[in-house]
Each structure stands twice: as structure tokens, then as C-alpha cells.
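What follows is a set of notes on a single structure, which appears directly below.
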Amino acid sequence: MKFLLENHSFTTTGCGQFIDVTEDVREVVGKSGVQNGMALVYSPHTTCAIVINERESGFVRDFTRLMDSLVPLNDTYHHDDLEARTENLEDDPHDVPNGHAHCRQALLGSASETIPVVDGQLLLGRWQKVFFLELDRARDRKVLIQVMGE
């Protein structure tokens, strides 16, 4: 069994940004030497998501409109009420409200995606790409890519 884990770091530009990490994943698969197994793409952030979909600007606009209608940016969120909130406040000034980002991530429920590796290749559909999706604001982020198999 072979394993390879890489951390890819970057800075996002704002809420709703889709970052295509497909080539990053393919590179890690190639480096790993795994012929048959799986690639796990994981975001260790509670206000980001990993999604597989088509890289097409109409989809991105549609998805943004959908998220804005379901979880508006400028709504009131209890997460942002620091007068009432008592949990998970240490080591963060909480100076920028982001209740919307937490709700969006929970709605998507996709902190990770697992893609089969067959014959040393990432097994994605013709139009599928792997995206890191920023649901908060411009921030320093990382995505972990782990390949495992034989």
C-alpha cells in the first residue's frame, strides 16, 4: 500500500470563489505511484467546501445566485452575535461576521471528495473538475490531497 499526503496553500480572493485544484490532484496522483486506489481532497476549514462539478461560468453564476437566495450574505446569524455567543471564541477576534459561510458549508456538507484512481489516472467524468470553494472572505487557505492505494 502506498500513501502520499500534500498540503497545497493559497490565498482566496473572496466569497464564492471557485479554485480549480484538479491539476494539483492529478500531480499528486502521479507523484504517488499509485495505480489503483483513491485520491482524497480535503478542506480543513469550516467555511470552505470541496465540490466536483463542471468548470463553466454559467454554472458558477447559477450556483452563486442559488447560495445567495438560500443563505443571504447580509442576513442576521446567531453565530455572529458575540453578545450571546459563548463557544469557540478563543484565539480569534471574530471581527468579521461569517455566520453565512458556516451555514453555506453545512448546507453543502462537502469538506472532502474522494475520487477513484484507476491505472494511475484520476477517474473523473469528461466535464468534472475538483474545486475548492471559498464560502467566507479572502483568506489564507489550504487543501490537503492524499492518495492511497497500490
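Residue numbers start at 1 in each chain; chains themselves are named A, B, ... in the order of the C-alpha cells; ligands are numbered from 1 in the order shown.
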Chain A: which residues are alpha helix (DSSP H) by DSSP, as a ChimeraX atom specification? /A:22-32,57-70,99-108
Hey, what's within 9 Å of Leu5 of chain A if we count only C-alpha atoms and toss same-chain stuff fewer than 2 positions away? As a JSON list (two decimals) with N, CA, C and O atoms, in the first residue's frame, please?
[["chain", "number", "residue", "atom", "x", "y", "z"],
["A", 3, "PHE", "N", 1.04, 5.61, 0.17],
["A", 3, "PHE", "CA", 0.33, 6.80, 0.65],
["A", 3, "PHE", "C", 1.17, 8.02, 0.32],
["A", 3, "PHE", "O", 2.39, 7.99, 0.43],
["A", 7, "ASN", "N", 0.04, 19.18, 1.24],
["A", 7, "ASN", "CA", -0.71, 20.36, 1.63],
["A", 7, "ASN", "C", -0.47, 21.42, 0.56],
["A", 7, "ASN", "O", 0.67, 21.78, 0.30],
["A", 28, "VAL", "N", -0.39, 15.06, -7.71],
["A", 28, "VAL", "CA", -0.13, 14.25, -6.52],
["A", 28, "VAL", "C", -0.34, 12.77, -6.84],
["A", 28, "VAL", "O", 0.44, 11.92, -6.40],
["A", 32, "SER", "N", 2.59, 9.95, -6.48],
["A", 32, "SER", "CA", 2.36, 8.88, -5.50],
["A", 32, "SER", "C", 2.76, 7.50, -6.01],
["A", 32, "SER", "O", 3.08, 6.63, -5.23],
["A", 144, "LEU", "N", -5.79, 19.73, 1.51],
["A", 144, "LEU", "CA", -4.96, 18.55, 1.70],
["A", 144, "LEU", "C", -5.37, 17.51, 0.66],
["A", 144, "LEU", "O", -6.56, 17.26, 0.46],
["A", 145, "ILE", "N", -4.36, 16.96, -0.01],
["A", 145, "ILE", "CA", -4.58, 15.95, -1.02],
["A", 145, "ILE", "C", -3.85, 14.70, -0.60],
["A", 145, "ILE", "O", -2.62, 14.72, -0.41],
["A", 146, "GLN", "N", -4.58, 13.62, -0.41],
["A", 146, "GLN", "CA", -3.98, 12.35, 0.00],
["A", 146, "GLN", "C", -4.35, 11.28, -1.03],
["A", 146, "GLN", "O", -5.51, 11.11, -1.37],
["A", 147, "VAL", "N", -3.31, 10.59, -1.52],
["A", 147, "VAL", "CA", -3.51, 9.50, -2.46],
["A", 147, "VAL", "C", -3.08, 8.22, -1.77],
["A", 147, "VAL", "O", -2.03, 8.17, -1.12],
["A", 148, "MET", "N", -3.91, 7.19, -1.89],
["A", 148, "MET", "CA", -3.59, 5.91, -1.26],
["A", 148, "MET", "C", -4.03, 4.76, -2.17],
["A", 148, "MET", "O", -5.01, 4.90, -2.91]]
Closest contacts (segment 14-71 of chain A/segment 105-120 of chain A, max 9 Å, only C-alpha atoms) as JSON lines:
{"residue": "A:Val29", "atom": "CA", "partner": "A:Gly120", "partner_atom": "CA", "distance": 7.1}
{"residue": "A:Gly30", "atom": "CA", "partner": "A:Gly120", "partner_atom": "CA", "distance": 7.0}
{"residue": "A:Gly33", "atom": "CA", "partner": "A:Gly120", "partner_atom": "CA", "distance": 7.2}
{"residue": "A:Val34", "atom": "CA", "partner": "A:Gly120", "partner_atom": "CA", "distance": 5.9}
{"residue": "A:Gln35", "atom": "CA", "partner": "A:Gly120", "partner_atom": "CA", "distance": 3.9}
{"residue": "A:Asn36", "atom": "CA", "partner": "A:Val118", "partner_atom": "CA", "distance": 4.7}
{"residue": "A:Gly37", "atom": "CA", "partner": "A:Val117", "partner_atom": "CA", "distance": 5.0}
{"residue": "A:Met38", "atom": "CA", "partner": "A:Pro116", "partner_atom": "CA", "distance": 4.4}
{"residue": "A:Ala39", "atom": "CA", "partner": "A:Ile115", "partner_atom": "CA", "distance": 5.2}
{"residue": "A:Leu40", "atom": "CA", "partner": "A:Thr114", "partner_atom": "CA", "distance": 4.5}
{"residue": "A:Val41", "atom": "CA", "partner": "A:Ser112", "partner_atom": "CA", "distance": 5.4}
{"residue": "A:Tyr42", "atom": "CA", "partner": "A:Ser112", "partner_atom": "CA", "distance": 4.2}
{"residue": "A:Ser43", "atom": "CA", "partner": "A:Ala111", "partner_atom": "CA", "distance": 5.3}
{"residue": "A:Pro44", "atom": "CA", "partner": "A:Ala111", "partner_atom": "CA", "distance": 7.3}
{"residue": "A:His45", "atom": "CA", "partner": "A:Ala111", "partner_atom": "CA", "distance": 7.8}
{"residue": "A:Thr46", "atom": "CA", "partner": "A:Gln105", "partner_atom": "CA", "distance": 6.8}
{"residue": "A:Thr47", "atom": "CA", "partner": "A:Gln105", "partner_atom": "CA", "distance": 5.8}
{"residue": "A:Cys48", "atom": "CA", "partner": "A:Gln105", "partner_atom": "CA", "distance": 6.1}
{"residue": "A:Ala49", "atom": "CA", "partner": "A:Ala111", "partner_atom": "CA", "distance": 5.0}
{"residue": "A:Ile50", "atom": "CA", "partner": "A:Ser112", "partner_atom": "CA", "distance": 5.3}
{"residue": "A:Val51", "atom": "CA", "partner": "A:Ser110", "partner_atom": "CA", "distance": 6.7}
{"residue": "A:Ile52", "atom": "CA", "partner": "A:Glu113", "partner_atom": "CA", "distance": 7.6}
Convert the current residue selection to file output with C-alpha atoms, as an mmCIF file, in the first residue's frame.
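Output (out-v4.cif):
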data_model
loop_
_atom_site.group_PDB
_atom_site.id
_atom_site.type_symbol
_atom_site.label_atom_id
_atom_site.label_comp_id
_atom_site.auth_asym_id
_atom_site.auth_seq_id
_atom_site.Cartn_x
_atom_site.Cartn_y
_atom_site.Cartn_z
ATOM 1 C CA VAL A 29 -1.581 11.077 -8.051
ATOM 2 C CA GLY A 30 1.375 10.978 -10.464
ATOM 3 C CA GLY A 33 2.965 5.994 -7.877
ATOM 4 C CA VAL A 34 -0.481 4.639 -7.004
ATOM 5 C CA GLN A 35 -2.000 2.692 -9.884
ATOM 6 C CA ASN A 36 -5.283 1.693 -8.263
ATOM 7 C CA GLY A 37 -6.742 3.372 -5.213
ATOM 8 C CA MET A 38 -8.223 6.725 -4.353
ATOM 9 C CA ALA A 39 -7.451 10.407 -4.037
ATOM 10 C CA LEU A 40 -8.949 12.291 -1.122
ATOM 11 C CA VAL A 41 -9.252 16.079 -1.411
ATOM 12 C CA TYR A 42 -9.995 17.696 1.954
ATOM 13 C CA SER A 43 -10.509 21.220 3.278
ATOM 14 C CA PRO A 44 -9.660 21.658 6.982
ATOM 15 C CA HIS A 45 -11.700 24.896 7.092
ATOM 16 C CA THR A 46 -15.287 25.183 8.382
ATOM 17 C CA THR A 47 -16.121 27.936 5.891
ATOM 18 C CA CYS A 48 -14.970 26.240 2.684
ATOM 19 C CA ALA A 49 -16.078 23.258 0.625
ATOM 20 C CA ILE A 50 -14.690 20.789 -1.889
ATOM 21 C CA VAL A 51 -17.031 20.221 -4.818
ATOM 22 C CA ILE A 52 -16.891 18.313 -8.076
#
